[in-house]
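Notes to accompany the following structure.
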Amino acid sequence: MLPKISKEDEKIIAKILRLKKEKDALILAHNYQEYGIYRIADSIGDSFELSKIASKTDKNLIVFCGVKFMAETAKILSPQKTVLLPDISAGCTLVKNGDVDEVRKLKEKHPDAALVTYVNSSAELKAISAACCTSANAIGIVNSIECEKIIFAPDQNLGKYVQKHSDKKIILADNFCSVHTHISKKSIDDLKKQHPNAKVVAHPECTPDVLDICDEVASTKGMLDYCKTFQDQEFIIATEQNMLNRLILECPGNTYINAGGVCEGMQKITLAKVLDALENEKYSISIDETIMKNAKKALDKMLEISK
Ligand code: 13P
Ligand code: SF4
């Protein structure tokens, strides 16, 4: 069942919708946002879908309901627009101080390799990359780059998953998503015992032993597409827990069992903060111009390859 929205939040939703119209703003929400945020969003999606929308919109004001790298990606793709992130501390554990230094060392060690960077990264790291990718297109991007050796950063689990689907030699950086890496094979096995007919669907940021026992490995949009092809089916969903709301909303005929955790960064965005962001135009994303220009090249390469 979808969560109930309190009377107080309904009032905030009405205010946001009014202000959104007045300011001609576009509200983008990642699938991991709470259900109330879905209600005010113009588009809900995975990182790849949202980055495509951000690159094409003619609106001058974008409010991004997600984590900081997502708002930064929107800003890099539309530098002339104002991009607001309702809580500037909404972070992703894959984005770490010093991640660029670690990857620079890998580049020095493997000068013949091309760097492919997952969008869950800092703008600085994107700026030194040959191309970016998301979980929806990582395999395709890596296989399209004209280089037999690829440094894949920063998510090691996604990199290992890509390696299984590529003949290229992949050199991995050393980072994980704290939410997905803590989903254990044992917890999935236990849920499977309780729900023997359930299909297991996991995000490729999960560990390889979890991915090995899955029926489907997909980005959050891919999960939606997969579950939509079933009716009256049970699914064990191994990703951020809010994904279940999106699945219930779009394909309610199935049953979803949560095997995932909570992304603290994603949960920092609330309706009250979105209202505050719109009222006071905060927090506006700004990035150094040179970094932005170089990061855009890597993001544009991704958009060009996965058109
Ligand atoms: P998507 O690529 O499905 O949007 O996932 C992003 C993410 O942060 C997963 O943890
Ligand atoms: Fe980052 Fe993990 Fe949260 Fe996704 S779920 S935004 S990878 S911390």
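In the structure tokens, chains take the letters A, B, ... in the order shown, each chain's residues start at 1, and ligands count up from 1 in the order shown.
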Please identify all polymer residues within 10 Å of stretch 19-21 of chain A, counting only C-alpha atoms, omitting same-chain residues fewer than 4 positions from it, and present them as a count of residues only. 15
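Here the DSSP assignment of strand (DSSP E), based on backbone atoms, applies within stretch 129-175 of chain A to Ala131, Cys132, Cys133, Lys149, Ile150, Ile151, Phe152, Ala153, Lys169, Ile170, Ile171 and Leu172 of chain A.
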Ligand 2 neighbours within 7 Å using only C-alpha atoms and all ligand atoms, as a ChimeraX atom specification: /A:67,92-94,120,177-180,240,263-266
List as a PyMOL selection string the protein and nucleic acid residues near A:Ala114, meaning an atom at most 9 Å away when only C-alpha atoms are counted, but skip any in the same chain fewer than 5 places from it. chain A and resi 107+129-131+145-152
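Excluding stretch 132-139 of chain A itself and any same-chain residue fewer than 6 positions from it, the protein and nucleic acid residues within 7 Å of it, counting only C-alpha atoms, are A:Ser47, A:Phe48, A:Val116, A:Thr117, A:Tyr118, A:Val119, A:Lys126, A:Val162, A:His165, A:Pro204, A:Ala218, A:Ser219, A:Ala298, A:Leu299, A:Met302, A:Ser306.
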Would you mind exporting the chosen residues as a compact mmCIF listing (two decimals), in the first residue's frame, restricted to N, CA, C and O atoms?
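Once everything was written out, this is result12.txt:
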```txt
# COMPACT_ATOMS: atom_id res chain seq x y z
N SER A 47 18.42 7.78 -12.78
CA SER A 47 19.41 8.83 -13.07
C SER A 47 19.49 9.14 -14.56
O SER A 47 19.63 10.29 -14.95
N PHE A 48 19.41 8.10 -15.37
CA PHE A 48 19.57 8.31 -16.81
C PHE A 48 18.37 9.09 -17.38
O PHE A 48 18.55 10.07 -18.10
N VAL A 116 35.91 5.38 -17.43
CA VAL A 116 34.44 5.50 -17.50
C VAL A 116 33.95 5.71 -16.07
O VAL A 116 34.25 4.91 -15.17
N THR A 117 33.24 6.79 -15.85
CA THR A 117 32.81 7.15 -14.50
C THR A 117 31.30 7.10 -14.36
O THR A 117 30.56 7.69 -15.16
N TYR A 118 30.88 6.36 -13.36
CA TYR A 118 29.46 6.28 -12.99
C TYR A 118 29.01 7.68 -12.58
O TYR A 118 29.77 8.39 -11.90
N VAL A 119 27.80 8.08 -12.96
CA VAL A 119 27.35 9.45 -12.61
C VAL A 119 27.32 9.69 -11.10
O VAL A 119 27.36 10.85 -10.67
N LYS A 126 34.08 13.39 -12.91
CA LYS A 126 33.49 13.34 -14.26
C LYS A 126 34.40 14.09 -15.24
O LYS A 126 34.58 13.69 -16.38
N VAL A 162 29.62 -5.08 -14.76
CA VAL A 162 29.93 -4.73 -16.15
C VAL A 162 30.97 -5.71 -16.69
O VAL A 162 30.85 -6.19 -17.82
N HIS A 165 29.85 -8.71 -18.37
CA HIS A 165 29.19 -8.53 -19.66
C HIS A 165 30.07 -7.82 -20.67
O HIS A 165 29.58 -7.17 -21.59
N PRO A 204 22.34 -3.25 -9.75
CA PRO A 204 23.72 -3.74 -9.94
C PRO A 204 24.75 -3.17 -8.97
O PRO A 204 25.92 -3.55 -9.05
N ALA A 218 18.86 -4.78 -12.61
CA ALA A 218 18.46 -3.63 -13.43
C ALA A 218 18.57 -2.33 -12.66
O ALA A 218 18.56 -2.31 -11.43
N SER A 219 18.63 -1.23 -13.43
CA SER A 219 18.52 0.11 -12.85
C SER A 219 17.10 0.23 -12.30
O SER A 219 16.24 -0.63 -12.54
N ALA A 298 32.06 14.50 -20.86
CA ALA A 298 31.89 13.09 -20.47
C ALA A 298 30.40 12.70 -20.41
O ALA A 298 30.02 11.60 -20.79
N LEU A 299 29.57 13.64 -19.95
CA LEU A 299 28.13 13.36 -19.89
C LEU A 299 27.53 13.35 -21.30
O LEU A 299 26.67 12.51 -21.61
N MET A 302 28.11 10.12 -22.97
CA MET A 302 27.14 9.11 -22.52
C MET A 302 25.81 9.28 -23.27
O MET A 302 25.26 8.30 -23.78
N SER A 306 24.20 6.47 -25.81
CA SER A 306 22.96 5.74 -25.47
C SER A 306 21.69 6.47 -25.92
O SER A 306 20.69 6.43 -25.23
```
Pick from A:Ser144, A:Asn254, A:Ser184, A:Ser78, whichever lies nearest to A:Asp167 using only C-alpha atoms: A:Ser144
From the DSSP assignment of the backbone, select every residue of stretch 70-121 of chain A that is alpha helix (DSSP H), and format the answer as a PyMOL selection string. chain A and resi 70-77+99-109
Selection to disk with all heavy atoms, as a short mmCIF file (atom, residue, chain, number, x, y, z; two decimals), in the first residue's frame:
```cif
data_model
loop_
_atom_site.label_atom_id
_atom_site.label_comp_id
_atom_site.auth_asym_id
_atom_site.auth_seq_id
_atom_site.Cartn_x
_atom_site.Cartn_y
_atom_site.Cartn_z
N MET A 70 23.16 14.29 -8.56
CA MET A 70 22.09 14.32 -9.58
C MET A 70 21.78 15.77 -9.96
O MET A 70 21.61 16.09 -11.14
CB MET A 70 20.84 13.61 -9.07
CG MET A 70 21.06 12.13 -8.84
SD MET A 70 19.60 11.29 -8.23
CE MET A 70 20.21 9.61 -8.21
N ALA A 71 21.70 16.64 -8.94
CA ALA A 71 21.45 18.06 -9.22
C ALA A 71 22.64 18.65 -9.98
O ALA A 71 22.47 19.45 -10.90
CB ALA A 71 21.21 18.80 -7.91
N GLU A 72 23.85 18.21 -9.60
CA GLU A 72 25.05 18.71 -10.31
C GLU A 72 25.01 18.26 -11.78
O GLU A 72 25.36 19.03 -12.67
CB GLU A 72 26.32 18.17 -9.64
CG GLU A 72 26.65 18.89 -8.35
CD GLU A 72 27.90 18.33 -7.66
OE1 GLU A 72 28.35 17.21 -8.02
OE2 GLU A 72 28.41 19.00 -6.77
N THR A 73 24.59 17.02 -12.00
CA THR A 73 24.51 16.51 -13.37
C THR A 73 23.54 17.37 -14.19
O THR A 73 23.83 17.74 -15.33
CB THR A 73 24.07 15.02 -13.37
OG1 THR A 73 25.04 14.28 -12.63
CG2 THR A 73 23.95 14.45 -14.76
N ALA A 74 22.40 17.72 -13.59
CA ALA A 74 21.43 18.58 -14.28
C ALA A 74 22.06 19.93 -14.59
O ALA A 74 21.90 20.47 -15.69
CB ALA A 74 20.17 18.74 -13.43
N LYS A 75 22.80 20.49 -13.64
CA LYS A 75 23.45 21.79 -13.83
C LYS A 75 24.51 21.71 -14.95
O LYS A 75 24.59 22.59 -15.80
CB LYS A 75 24.10 22.24 -12.51
CG LYS A 75 24.83 23.56 -12.57
CD LYS A 75 23.88 24.73 -12.72
CE LYS A 75 24.61 26.05 -12.86
NZ LYS A 75 23.70 27.15 -13.14
N ILE A 76 25.31 20.65 -14.93
CA ILE A 76 26.36 20.50 -15.95
C ILE A 76 25.73 20.41 -17.35
O ILE A 76 26.23 20.97 -18.31
CB ILE A 76 27.24 19.25 -15.65
CG1 ILE A 76 28.00 19.44 -14.33
CG2 ILE A 76 28.21 18.97 -16.79
CD1 ILE A 76 28.59 18.16 -13.75
N LEU A 77 24.60 19.70 -17.42
CA LEU A 77 23.96 19.53 -18.73
C LEU A 77 23.21 20.77 -19.18
O LEU A 77 22.97 20.96 -20.36
CB LEU A 77 23.02 18.31 -18.69
CG LEU A 77 23.74 16.97 -18.62
CD1 LEU A 77 22.76 15.84 -18.32
CD2 LEU A 77 24.49 16.67 -19.92
N ASP A 99 38.23 11.27 -4.08
CA ASP A 99 38.00 10.21 -5.07
C ASP A 99 38.79 10.49 -6.36
O ASP A 99 39.27 9.56 -7.01
CB ASP A 99 36.50 9.98 -5.34
CG ASP A 99 35.76 11.22 -5.88
OD1 ASP A 99 36.38 12.30 -5.93
OD2 ASP A 99 34.58 11.08 -6.21
N VAL A 100 38.97 11.76 -6.69
CA VAL A 100 39.71 12.10 -7.91
C VAL A 100 41.17 11.69 -7.77
O VAL A 100 41.75 11.16 -8.72
CB VAL A 100 39.66 13.63 -8.19
CG1 VAL A 100 40.05 13.95 -9.61
CG2 VAL A 100 38.29 14.19 -7.88
N ASP A 101 41.74 11.89 -6.58
CA ASP A 101 43.16 11.54 -6.40
C ASP A 101 43.37 10.05 -6.58
O ASP A 101 44.32 9.62 -7.23
CB ASP A 101 43.63 11.95 -4.98
CG ASP A 101 43.49 13.45 -4.79
OD1 ASP A 101 43.49 14.16 -5.81
OD2 ASP A 101 43.37 13.90 -3.63
N GLU A 102 42.47 9.25 -6.03
CA GLU A 102 42.60 7.80 -6.15
C GLU A 102 42.53 7.39 -7.63
O GLU A 102 43.34 6.59 -8.11
CB GLU A 102 41.46 7.13 -5.36
CG GLU A 102 41.59 5.62 -5.33
CD GLU A 102 40.26 4.90 -5.14
OE1 GLU A 102 39.37 5.45 -4.46
OE2 GLU A 102 40.12 3.80 -5.69
N VAL A 103 41.59 7.97 -8.35
CA VAL A 103 41.42 7.60 -9.76
C VAL A 103 42.59 8.14 -10.60
O VAL A 103 43.04 7.47 -11.54
CB VAL A 103 40.05 8.07 -10.28
CG1 VAL A 103 39.89 7.76 -11.76
CG2 VAL A 103 38.93 7.40 -9.48
N ARG A 104 43.10 9.31 -10.24
CA ARG A 104 44.27 9.85 -10.97
C ARG A 104 45.43 8.86 -10.86
O ARG A 104 46.16 8.63 -11.83
CB ARG A 104 44.69 11.19 -10.38
CG ARG A 104 43.91 12.33 -10.95
CD ARG A 104 44.77 13.61 -11.08
NE ARG A 104 43.98 14.64 -11.73
CZ ARG A 104 43.29 15.58 -11.09
NH1 ARG A 104 43.31 15.64 -9.79
NH2 ARG A 104 42.58 16.46 -11.77
N LYS A 105 45.60 8.27 -9.67
CA LYS A 105 46.69 7.30 -9.48
C LYS A 105 46.47 6.10 -10.41
O LYS A 105 47.41 5.58 -11.00
CB LYS A 105 46.73 6.83 -8.02
CG LYS A 105 47.49 7.82 -7.14
CD LYS A 105 47.62 7.31 -5.71
CE LYS A 105 47.87 8.49 -4.78
NZ LYS A 105 47.19 8.39 -3.50
N LEU A 106 45.22 5.65 -10.51
CA LEU A 106 44.92 4.52 -11.40
C LEU A 106 45.24 4.89 -12.85
O LEU A 106 45.75 4.08 -13.62
CB LEU A 106 43.44 4.11 -11.29
CG LEU A 106 43.02 3.34 -10.04
CD1 LEU A 106 41.51 3.08 -10.05
CD2 LEU A 106 43.75 2.00 -9.97
N LYS A 107 44.93 6.15 -13.20
CA LYS A 107 45.21 6.60 -14.58
C LYS A 107 46.72 6.63 -14.85
O LYS A 107 47.16 6.28 -15.94
CB LYS A 107 44.62 8.01 -14.80
CG LYS A 107 43.11 7.97 -15.10
CD LYS A 107 42.55 9.36 -15.33
CE LYS A 107 42.82 9.83 -16.73
NZ LYS A 107 41.84 10.69 -17.33
N GLU A 108 47.49 7.05 -13.83
CA GLU A 108 48.96 7.06 -14.00
C GLU A 108 49.49 5.64 -14.16
O GLU A 108 50.38 5.38 -14.95
CB GLU A 108 49.62 7.72 -12.78
CG GLU A 108 49.65 9.24 -12.88
CD GLU A 108 49.87 9.90 -11.54
OE1 GLU A 108 50.48 9.28 -10.64
OE2 GLU A 108 49.42 11.06 -11.38
N LYS A 109 48.90 4.71 -13.40
CA LYS A 109 49.35 3.32 -13.44
C LYS A 109 48.95 2.63 -14.75
O LYS A 109 49.61 1.72 -15.21
CB LYS A 109 48.71 2.59 -12.25
CG LYS A 109 49.47 1.38 -11.80
CD LYS A 109 48.96 0.88 -10.47
CE LYS A 109 49.28 -0.58 -10.32
NZ LYS A 109 48.49 -1.22 -9.28
#
```
Any idea what's packed within 10 Å of A:Thr290, counting only C-alpha atoms, ignoring anything in its chain fewer than 4 positions away? Could you give it as a list in words? Glu124, Ala127, Asn294, Ala295 and Lys296 of chain A
Using only C-alpha atoms, the best pick from A:Lys96, A:His203, A:His182, A:Lys192 as closest to A:Lys221 would be A:His203
Set the distance at 10 Å and use only C-alpha atoms: which residues neighbour stretch 8-10 of chain A once local chain neighbours fewer than 3 positions away are removed? I'd like the list as a PyMOL selection string. chain A and resi 4-5+13-16+36+39+270-272
Please provide the set of residues having any atom within 7 Å of A:Pro86, restricted to only C-alpha atoms, with same-chain residues fewer than 5 positions apart removed, written as a PyMOL selection string. chain A and resi 269+273-274+277+282-283
Can you tell me how far atom CA of A:Val262 sits from atom CA of A:Asn242, in Å to one decimal? 7.9 Å
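Here the question is which of A:Phe64, A:Tyr226, A:Tyr161, A:Tyr32 gets nearest to ligand 1 using only C-alpha atoms and all ligand atoms, and that residue is A:Tyr32.
Separating atom CA of A:Ile285 from atom CA of A:Val83 is a distance of 5.7 Å.
Closest approach to ligand 1 from the set A:Leu172, A:Cys206, A:Ile141, A:Leu125 is made by A:Cys206, with distances taken over only C-alpha atoms and all ligand atoms.
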